[in-house]
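Reading through the structure tokens given below for one structure.
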Protein chains: 2
Amino acid sequence: MADPDAVAKQFITYYYTTFDGGRQNLHPLYKPTSMLTFEGAQVAGADAIIEKLVSLPLGSLRHNVSTQDVQPIENGLLISVTGQLLAEGESNPQFFTQTFLLKSDGPSYYVQNDIFRLVYA
Amino acid sequence: MADPDAVAKQFITYYYTTFDGGRQNLHPLYKPTSMLTFEGAQVAGADAIIEKLVSLPLGSLRHNVSTQDVQPIENGLLISVTGQLLAEGESNPQFFTQTFLLKSDGPSYYVQNDIFRLVYA
């Protein structure tokens, strides 16, 4: 397997750049078996996940990653991210944490599990 | 497999009650293959993990869980927790996020992966 830190770094950069540029473009990262829990709401499958993300009542967003941790697991990687979320026109960021379980699929990876939570400080 | 929500709830209650009562008693939850990343520092194996937790320059602590999310994975559970950490004699809590990957081991579970981060708001 490729270096976990390098894969995680590349994934995180790609994920949030794509999210902030147009959430619908995240579709190829998910599979029919993938699961998302977003603020406690659970959806399954790439189509439903993208539908959920696109339907969020959020305008343009910017994710700033504060910390990223990765551990290798069987056929994949476990990634934990903390960061700040800034909505367009807002000056106060919200804090978030997101956990990804990536599974390898030949030379590439997909998101099998995704859990997102805002942290209210 | 047992109900993921029920297992996660029971695990989380047990984990933080035990941590706050005496961190060294968490040893049976980890295996020689387990991994912990604590504030970016990585250790592997139950012995080293407990040594790390016991060595933290923290007095008596209380964890208050704010949110807990769980997803079933192959032979296990993925759990993401957010909460507040209150040190003895302190009135300002610190916010934290913790990710656990539990693997089933017959009828019980152990912690294969553990990632802890403070969230600075």
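Please note that chains go A, B, ... in the order of the structure tokens, that every chain numbers its residues from 1, and that ligands are numbered from 1 in the order shown.
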
Write out as an NGL selection string every residue belonging to chain A that has an atom at most 12 Å from any atom of chain B, counting only C-alpha atoms. :A and (5 or 33-44 or 65-85 or 92-103 or 112-121)

Quick one: DSSP strand (DSSP E) residues in region 42-121 of chain A, as an NGL selection string? :A and (42-44 or 61-73 or 76-87 or 94-105 or 108-119)

Name the residues of chain B that fall into helix (DSSP H, G or I) according to DSSP on the backbone, using the chain letters and numbers of this document, as number ranges by chain. B: 4-21, 23-29, 46-55

Skip Pro32 (chain A) itself and residues of its chain fewer than 5 positions away, then list as a count of residues only all residues within 8 Å of it, counting only C-alpha atoms. 4

Within 12 Å of Val54 (chain B), counting only C-alpha atoms, which residues show up once you throw out same-chain ones fewer than 5 positions away? Write them as a list in words, please.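 Contacts, with the query itself left out: Phe19, Asp20, Gly21, Gly22, Arg23, Gln24, Asn25, Leu26, His27, Asp47, Ala48, Ile49, Gly59 and Ser60 of chain B.
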
Close residues, Phe11 (chain B) itself excluded, 10 Å, only C-alpha atoms, min 2 positions apart in chain, as a list in words: Asp5, Ala6, Val7, Ala8, Lys9, Thr13, Tyr14, Tyr15, Tyr16, Thr17, Leu29, Ile79, Leu102, Tyr109, Tyr110 and Val111 of chain B
